[in-house]
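Report on the following structure.
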Amino acid sequence: MRVAALLLAVAGVAAGAPAEPLPQGAGRLTVVVEPFAVRADRMLDVEAGRIVPDAAVVVEGARLVAVGGPEVIPDGVRVVDLGDVTLLPGLIDCHTHLTGSLEGDFVHRPVHETAADAALRGARNALRTVRAGFTTVRDVGSGGFADVALMRAIERGDVEGPWMFPAGHSISISGGHGDHTGFAPGVLVQGPEGGIADGPAECRKAVRLQVKYGARVIKCVATAGVLSFEESVGAQQLDADELEAIVQEAHRHGLKVAAHAHGTEGIRAAVEAGVDSIEHGSLLDEATMDLMKQRGTYLVPTIAIGDLMPAELLPPHLRHKAEQVLPRARETVARAIEVGVPIAFGTDAAVIPHGSNAKEFAVLVDLGMEPLEAIRAATVRAADLLGVDDRGVLAPGKLADVIAVPGDPLVDVTQLERVQWVMRGGRVVR
C-alpha cells in the first residue's frame, strides 16, 4: 500500500542523524530530522473538546511544529495521508508494571528469576503498550531496578516502547504489600535499597536510594493490597510519620509520590501527608474525596481490573480478597467521578494484560465519566500528574506523540481500543 510505504519511509529517514535533546522522560532516540506532515480526516482537540475536520500536523525532529488544517503543511514536505481516522495525542497510562505479568508461576517468580528476566519481559510488554497507543507510562514498581534499565534501553533506541517514568522499588513496611510475603524466613529479605523500610529514617533512605538508581517517581504502599499474602486488603501500613518522610524527601528531589491505597484510613493518611496521587482508592469515603478535591490529589482508579484480571490464575486467598474489594471499588470510583475528584488514567497493566490498557476508558464511561473527560484523564490530566507540559495535547512545540483511531472517540470511546497508527517522539512505531 502507498500509505504503508510512506510510513516505512518516514520511520527510516535519517537513521544515524544526531538526535534532538529531549527533556526528562523523553529519551534520546534518533528521529526524523527532515520535516514531514501527517494528514487525517479528523483530529481531536482535547483542550477545546471538539473534533477538527481535515486536520494535519507537521513534525520536525521529535516535536510538532504546526497543527491545524492542510494550510499548515509547508510546500515540498513529505505528507503521510492516513485518511479516515482521528488523530489524538499519544495516551498516558499512570499506573503500569511493564516488567510484570500474571502468567506462569508468577507467585514464585521472585525466587526463580533475576532483574534481567524482568527487563526482558518488560521489553516485550513495552512494545505491546506503545503499539496500543500509550506513548508514555508511569511505571510504579519493579524489582532490581529493571524498570530503570528498560527506560534507558527505550531512550537509547535499543528496544521500542513508551516514554517511562519508573519508580524503582515500591516503598513498603516489612511484611507489607510491597514486601515479598509468603516465603520462609530468610528468603528475599530486603532493606531500604529494595524499598523495605520501617520508621521515618529508613523511609527517607529508601527514597534517596530509589532516586540514586534512577527513579523518576516515588511509589509508596500506604495500605495492604490484593496480590500479597497479608490478611487484609485495605489496612493501613505506612504510618503518618513514615508517609510524611517519604513525601518530604521525594518532593525535595522534585519527584511526585504515588501511594498505593485501598482502605479509607490509609488513603486519608496519605492524602494528609501530601502524596500526589492515590492508586486504586477502592474504599474512599466522602470526607476524603472532599480533601482530595481541596488539595488537588489525583485518584488513579485502575478499575478495569475487575473485568480483565484473570482471577482464575490467582491463589485462593488472593482471589478471595479480589472478590471482596473490586465490586466496592466500582461504587467508590463512580461516586468519585460524580463529585469531581481529580482523576488520571491508570490500568495496573501486568494485573491486566499489557496492550489492553485502552479498555479502561469504557469502564470509566460506564461509571459516569463523559468520553471527553476519560480521554482528558489519559492526556492533559495525566501529563499534569506527571509534572510535564511537553505532551498530552497536539500543539506546536509539544512532543510528536500522535496516534490515530477509526471513527469518533467522543461518540464511541471504544475506538481507542482500535489504534491504527502510532508515532512517539517523531518516530513511527505502528
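Ligands are numbered from 1 in the order shown, residues from 1 within each chain, and chains are lettered A, B, ... in the order they appear in the C-alpha cells.
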**Study point:** Distance query A:His177 at most 10 Å, only C-alpha atoms, self and fewer than 5 positions along chain excluded, as an MDAnalysis selection string
**Key:** chainID A and resid 170:172 220:230 232:234 237 260
Each residue of stretch 339-360 of chain A lying at most 12 Å from stretch 142-163 of chain A should get a row with its shortest atom-to-atom pair and the distance in Å to one decimal, counting only C-alpha atoms; could you produce that, ordered by chain and increasing number, as a Markdown table?
| residue | atom | partner | partner_atom | distance |
| --- | --- | --- | --- | --- |
| A:Ala350 | CA | A:Ser142 | CA | 11.0 |
| A:His354 | CA | A:Gly161 | CA | 11.9 |
| A:Gly355 | CA | A:Gly161 | CA | 11.3 |
Residues from the last selection, C-alpha atoms, saved as a tab-separated table (two decimals), in the first residue's frame:
chain	number	residue	atom	x	y	z
A	350	ALA	CA	0.51	-6.52	34.48
A	354	HIS	CA	-0.33	-5.49	28.58
A	355	GLY	CA	-1.71	-3.84	25.47
Practice item. Would you list, as a ChimeraX atom specification, the residues of stretch 245-351 of chain A that end up in strand (DSSP E or B) under DSSP run on this structure's backbone? Key: /A:257-261,277-280,298-300,343,349
Just write the chosen residues, C-alpha atoms, as a PDB file, in the first residue's frame.
ATOM      1  CA  VAL A 257       4.678  10.464  45.054  1.00  0.00           C
ATOM      2  CA  ALA A 258       2.110   7.816  44.164  1.00  0.00           C
ATOM      3  CA  ALA A 259       0.514   5.958  47.064  1.00  0.00           C
ATOM      4  CA  HIS A 260      -0.992   2.501  46.670  1.00  0.00           C
ATOM      5  CA  ALA A 261      -4.007   2.659  48.987  1.00  0.00           C
ATOM      6  CA  SER A 277      -1.886  10.553  43.715  1.00  0.00           C
ATOM      7  CA  ILE A 278      -3.823   7.726  45.283  1.00  0.00           C
ATOM      8  CA  GLU A 279      -3.588   4.483  43.339  1.00  0.00           C
ATOM      9  CA  HIS A 280      -6.747   2.322  43.336  1.00  0.00           C
ATOM     10  CA  TYR A 298      -5.335  12.735  41.888  1.00  0.00           C
ATOM     11  CA  LEU A 299      -7.131   9.409  42.012  1.00  0.00           C
ATOM     12  CA  VAL A 300      -5.767   6.770  39.613  1.00  0.00           C
ATOM     13  CA  ILE A 343      -8.816  11.578  38.040  1.00  0.00           C
ATOM     14  CA  ALA A 349      -1.161  -3.278  33.398  1.00  0.00           C
TER      15      ALA A 349
END
Practice item. Give me the residues within 6 Å of A:Ile173 as a ChimeraX atom specification, counting only C-alpha atoms and dropping any in the same chain fewer than 2 places off. Key: /A:176,196-198
Check your understanding: When distances are computed from only C-alpha atoms, which of A:Ala56, A:Val67, A:Ala126, A:Leu291 shows the smallest separation from A:Ala395?
Key ->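 Nearest to A:Ala395: A:Val67.
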Review point. What lies within 8 Å of A:Phe361 using only C-alpha atoms, ignoring chain neighbours under 3 positions off, as a list in words?
Key: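 The residues that qualify are Ala358, Leu364, Val365, Pro371, Ala374, Ile375, Val413, Thr414 and Leu416 of chain A.
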Review point. Which one is closest to A:Ala40: A:Asp81, A:Glu370, A:Glu242, A:Glu103? Count only C-alpha atoms.
Key: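 Checking each of A:Asp81, A:Glu370, A:Glu242, A:Glu103 against A:Ala40, counting only C-alpha atoms, the winner is A:Asp81.
Once A:Val339 and its same-chain neighbours fewer than 3 positions away are set aside, Glu286, Met289, Asp290, Lys293, Val333, Ala334, Arg335, Ala336 and Pro342 of chain A remain within 10 Å of it when counting only C-alpha atoms.
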Exercise for review: Rank nothing, just name the residue among A:Val271, A:Ala383, A:Leu82, A:Val217 nearest to A:Lys398, using only C-alpha atoms.
Suggested key: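 Checking each of A:Val271, A:Ala383, A:Leu82, A:Val217 against A:Lys398, counting only C-alpha atoms, the winner is A:Ala383.
Neighbours of A:Gln420 closer than or equal to 10 Å, with only C-alpha atoms counted and sequence neighbours fewer than 4 positions away skipped, come out as Leu82, Val85, Thr86, Arg131, Ala132, Gly133, Ile403, Ala404, Val405, Pro406, Gln415, Leu416 and Arg430 of chain A.
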Mind dumping the selected residues with N, CA and C atoms as an mmCIF file, in the first residue's frame?
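Once everything was written out, this is selection_15.cif:
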data_model
loop_
_atom_site.group_PDB
_atom_site.id
_atom_site.type_symbol
_atom_site.label_atom_id
_atom_site.label_comp_id
_atom_site.auth_asym_id
_atom_site.auth_seq_id
_atom_site.Cartn_x
_atom_site.Cartn_y
_atom_site.Cartn_z
ATOM 1 N N LEU A 82 -3.284 9.620 6.219
ATOM 2 C CA LEU A 82 -3.875 8.466 6.904
ATOM 3 C C LEU A 82 -5.349 8.280 6.587
ATOM 4 N N VAL A 85 -9.396 8.588 9.654
ATOM 5 C CA VAL A 85 -9.073 8.311 11.052
ATOM 6 C C VAL A 85 -9.124 9.621 11.826
ATOM 7 N N THR A 86 -9.069 9.489 13.150
ATOM 8 C CA THR A 86 -8.997 10.649 14.040
ATOM 9 C C THR A 86 -7.639 10.669 14.715
ATOM 10 N N ARG A 131 2.360 0.104 21.033
ATOM 11 C CA ARG A 131 1.553 -0.208 19.846
ATOM 12 C C ARG A 131 0.058 -0.064 20.132
ATOM 13 N N ALA A 132 -0.321 -0.108 21.397
ATOM 14 C CA ALA A 132 -1.716 0.121 21.788
ATOM 15 C C ALA A 132 -2.041 1.607 21.910
ATOM 16 N N GLY A 133 -1.081 2.489 21.608
ATOM 17 C CA GLY A 133 -1.345 3.926 21.607
ATOM 18 C C GLY A 133 -0.898 4.654 22.850
ATOM 19 N N ILE A 403 -1.379 9.518 17.849
ATOM 20 C CA ILE A 403 -1.982 8.246 17.470
ATOM 21 C C ILE A 403 -3.177 8.505 16.561
ATOM 22 N N ALA A 404 -3.619 7.458 15.876
ATOM 23 C CA ALA A 404 -4.788 7.559 15.009
ATOM 24 C C ALA A 404 -5.717 6.384 15.283
ATOM 25 N N VAL A 405 -7.014 6.705 15.408
ATOM 26 C CA VAL A 405 -8.025 5.671 15.645
ATOM 27 C C VAL A 405 -9.162 5.861 14.649
ATOM 28 N N PRO A 406 -9.921 4.808 14.359
ATOM 29 C CA PRO A 406 -11.068 4.964 13.467
ATOM 30 C C PRO A 406 -12.209 5.690 14.160
ATOM 31 N N GLN A 415 -13.374 3.132 20.397
ATOM 32 C CA GLN A 415 -12.491 3.279 19.237
ATOM 33 C C GLN A 415 -11.032 3.370 19.680
ATOM 34 N N LEU A 416 -10.796 3.807 20.921
ATOM 35 C CA LEU A 416 -9.431 3.897 21.424
ATOM 36 C C LEU A 416 -8.799 2.517 21.619
ATOM 37 N N ARG A 430 4.001 2.253 14.804
ATOM 38 C CA ARG A 430 2.976 1.343 14.323
ATOM 39 C C ARG A 430 2.370 1.920 13.064
#
Check the DSSP output for the backbone and give back, as a PDB file with C-alpha atoms, in the first residue's frame, the residues of stretch 165-404 of chain A in helix (DSSP H, G or I).
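Listing of out-v7.pdb after writing:
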ATOM      1  CA  PRO A 192      15.741   0.338  52.000  1.00  0.00           C
ATOM      2  CA  GLU A 193      17.528  -0.150  48.658  1.00  0.00           C
ATOM      3  CA  GLY A 194      14.883  -2.749  47.843  1.00  0.00           C
ATOM      4  CA  PRO A 200      10.857   7.688  59.039  1.00  0.00           C
ATOM      5  CA  ALA A 201      14.663   7.442  58.822  1.00  0.00           C
ATOM      6  CA  GLU A 202      14.570   4.241  56.763  1.00  0.00           C
ATOM      7  CA  CYS A 203      11.789   5.657  54.602  1.00  0.00           C
ATOM      8  CA  ARG A 204      13.915   8.712  53.778  1.00  0.00           C
ATOM      9  CA  LYS A 205      16.833   6.433  52.956  1.00  0.00           C
ATOM     10  CA  ALA A 206      14.628   4.275  50.741  1.00  0.00           C
ATOM     11  CA  VAL A 207      13.543   7.355  48.757  1.00  0.00           C
ATOM     12  CA  ARG A 208      17.138   8.525  48.384  1.00  0.00           C
ATOM     13  CA  LEU A 209      18.245   5.127  47.126  1.00  0.00           C
ATOM     14  CA  GLN A 210      15.452   4.908  44.549  1.00  0.00           C
ATOM     15  CA  VAL A 211      16.461   8.367  43.320  1.00  0.00           C
ATOM     16  CA  LYS A 212      20.136   7.380  43.288  1.00  0.00           C
ATOM     17  CA  ALA A 240       1.664   9.161  59.210  1.00  0.00           C
ATOM     18  CA  ASP A 241       5.309   9.889  60.139  1.00  0.00           C
ATOM     19  CA  GLU A 242       6.615   7.438  57.558  1.00  0.00           C
ATOM     20  CA  LEU A 243       4.354   8.842  54.831  1.00  0.00           C
ATOM     21  CA  GLU A 244       5.406  12.393  55.632  1.00  0.00           C
ATOM     22  CA  ALA A 245       9.087  11.434  55.475  1.00  0.00           C
ATOM     23  CA  ILE A 246       8.591   9.820  52.068  1.00  0.00           C
ATOM     24  CA  VAL A 247       6.696  12.802  50.656  1.00  0.00           C
ATOM     25  CA  GLN A 248       9.110  15.397  52.041  1.00  0.00           C
ATOM     26  CA  GLU A 249      12.166  13.567  50.722  1.00  0.00           C
ATOM     27  CA  ALA A 250      10.672  12.893  47.290  1.00  0.00           C
ATOM     28  CA  HIS A 251       9.455  16.463  46.862  1.00  0.00           C
ATOM     29  CA  ARG A 252      12.868  17.733  47.935  1.00  0.00           C
ATOM     30  CA  THR A 264     -10.082   4.600  53.999  1.00  0.00           C
ATOM     31  CA  GLU A 265      -7.693   5.289  56.899  1.00  0.00           C
ATOM     32  CA  GLY A 266      -4.570   4.712  54.841  1.00  0.00           C
ATOM     33  CA  ILE A 267      -5.899   6.774  51.940  1.00  0.00           C
ATOM     34  CA  ARG A 268      -6.637   9.712  54.198  1.00  0.00           C
ATOM     35  CA  ALA A 269      -3.243   9.475  55.917  1.00  0.00           C
ATOM     36  CA  ALA A 270      -1.528   9.505  52.516  1.00  0.00           C
ATOM     37  CA  VAL A 271      -3.535  12.499  51.308  1.00  0.00           C
ATOM     38  CA  GLU A 272      -2.813  14.412  54.524  1.00  0.00           C
ATOM     39  CA  ALA A 273       0.904  13.603  54.120  1.00  0.00           C
ATOM     40  CA  GLU A 286     -16.877  11.235  51.128  1.00  0.00           C
ATOM     41  CA  ALA A 287     -14.744  13.251  53.547  1.00  0.00           C
ATOM     42  CA  THR A 288     -11.526  12.039  51.939  1.00  0.00           C
ATOM     43  CA  MET A 289     -12.918  12.724  48.475  1.00  0.00           C
ATOM     44  CA  ASP A 290     -13.537  16.306  49.581  1.00  0.00           C
ATOM     45  CA  LEU A 291      -9.991  16.529  50.924  1.00  0.00           C
ATOM     46  CA  MET A 292      -8.571  15.238  47.644  1.00  0.00           C
ATOM     47  CA  LYS A 293     -10.523  17.883  45.753  1.00  0.00           C
ATOM     48  CA  GLN A 294      -9.253  20.621  48.066  1.00  0.00           C
ATOM     49  CA  ARG A 295      -5.642  19.530  47.731  1.00  0.00           C
ATOM     50  CA  ILE A 305      -9.096  -4.853  36.751  1.00  0.00           C
ATOM     51  CA  GLY A 306     -12.488  -6.180  37.818  1.00  0.00           C
ATOM     52  CA  ASP A 307     -13.257  -7.189  34.229  1.00  0.00           C
ATOM     53  CA  LEU A 308      -9.809  -8.041  32.863  1.00  0.00           C
ATOM     54  CA  ALA A 311      -8.865 -14.202  38.631  1.00  0.00           C
ATOM     55  CA  GLU A 312      -8.800 -17.929  37.914  1.00  0.00           C
ATOM     56  CA  LEU A 313      -4.989 -17.764  37.957  1.00  0.00           C
ATOM     57  CA  PRO A 316      -7.472 -18.898  46.542  1.00  0.00           C
ATOM     58  CA  HIS A 317      -6.562 -16.395  49.277  1.00  0.00           C
ATOM     59  CA  LEU A 318      -5.738 -13.671  46.775  1.00  0.00           C
ATOM     60  CA  ARG A 319      -8.812 -14.422  44.696  1.00  0.00           C
ATOM     61  CA  HIS A 320     -10.990 -14.098  47.784  1.00  0.00           C
ATOM     62  CA  LYS A 321      -9.523 -10.664  48.526  1.00  0.00           C
ATOM     63  CA  ALA A 322     -10.122  -9.558  44.945  1.00  0.00           C
ATOM     64  CA  GLU A 323     -13.733 -10.658  45.117  1.00  0.00           C
ATOM     65  CA  GLN A 324     -14.139  -8.646  48.318  1.00  0.00           C
ATOM     66  CA  VAL A 325     -12.745  -5.338  47.200  1.00  0.00           C
ATOM     67  CA  LEU A 326     -13.251  -4.965  43.440  1.00  0.00           C
ATOM     68  CA  PRO A 327     -17.073  -4.619  43.427  1.00  0.00           C
ATOM     69  CA  ARG A 328     -16.835  -1.974  46.163  1.00  0.00           C
ATOM     70  CA  ALA A 329     -14.154  -0.173  44.173  1.00  0.00           C
ATOM     71  CA  ARG A 330     -16.592   0.320  41.282  1.00  0.00           C
ATOM     72  CA  GLU A 331     -19.047   2.048  43.602  1.00  0.00           C
ATOM     73  CA  THR A 332     -16.276   4.241  45.002  1.00  0.00           C
ATOM     74  CA  VAL A 333     -14.996   5.324  41.591  1.00  0.00           C
ATOM     75  CA  ALA A 334     -18.500   6.079  40.352  1.00  0.00           C
ATOM     76  CA  ARG A 335     -19.010   8.380  43.338  1.00  0.00           C
ATOM     77  CA  ALA A 336     -15.585   9.995  42.871  1.00  0.00           C
ATOM     78  CA  ILE A 337     -16.476  10.773  39.255  1.00  0.00           C
ATOM     79  CA  GLU A 338     -19.823  12.192  40.347  1.00  0.00           C
ATOM     80  CA  VAL A 339     -18.367  14.568  42.954  1.00  0.00           C
ATOM     81  CA  LYS A 359     -10.265  -0.984  27.813  1.00  0.00           C
ATOM     82  CA  GLU A 360     -10.143   1.206  30.953  1.00  0.00           C
ATOM     83  CA  PHE A 361     -11.854   4.009  29.005  1.00  0.00           C
ATOM     84  CA  ALA A 362     -15.114   2.116  28.530  1.00  0.00           C
ATOM     85  CA  VAL A 363     -15.264   1.216  32.225  1.00  0.00           C
ATOM     86  CA  LEU A 364     -14.766   4.849  33.266  1.00  0.00           C
ATOM     87  CA  VAL A 365     -17.533   5.916  30.888  1.00  0.00           C
ATOM     88  CA  ASP A 366     -19.799   3.144  32.182  1.00  0.00           C
ATOM     89  CA  PRO A 371     -15.864  10.177  26.924  1.00  0.00           C
ATOM     90  CA  LEU A 372     -14.058  13.521  26.594  1.00  0.00           C
ATOM     91  CA  GLU A 373     -13.219  13.535  30.312  1.00  0.00           C
ATOM     92  CA  ALA A 374     -11.959   9.962  30.117  1.00  0.00           C
ATOM     93  CA  ILE A 375      -9.665  10.960  27.239  1.00  0.00           C
ATOM     94  CA  ARG A 376      -8.503  14.044  29.140  1.00  0.00           C
ATOM     95  CA  ALA A 377      -7.671  11.759  32.092  1.00  0.00           C
ATOM     96  CA  VAL A 380      -3.809  16.583  29.768  1.00  0.00           C
ATOM     97  CA  ARG A 381      -4.601  15.425  33.303  1.00  0.00           C
ATOM     98  CA  ALA A 382      -2.136  12.555  33.190  1.00  0.00           C
ATOM     99  CA  ALA A 383       0.552  14.961  31.978  1.00  0.00           C
ATOM    100  CA  ASP A 384      -0.285  17.281  34.870  1.00  0.00           C
ATOM    101  CA  LEU A 385       0.108  14.405  37.327  1.00  0.00           C
ATOM    102  CA  LEU A 386       3.470  13.554  35.776  1.00  0.00           C
TER     103      LEU A 386
END
Check your understanding: Using only C-alpha atoms, which of A:Leu314, A:Asp408, A:Leu91, A:Ala167 sits nearest A:Arg50?
Key -> A:Asp408
Exercise for review: Determine, counting only C-alpha atoms, which protein, DNA and RNA residues have an atom within 8 Å of an atom of A:Thr136; residues of the same chain fewer than 2 positions away are not included. Present the result as an NGL selection string.
Suggested key: :A and (90-93 or 130 or 134 or 138 or 162-165)
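As for atom CA of A:Gly49 and atom CA of A:Val411, they are spaced 12.1 Å apart.
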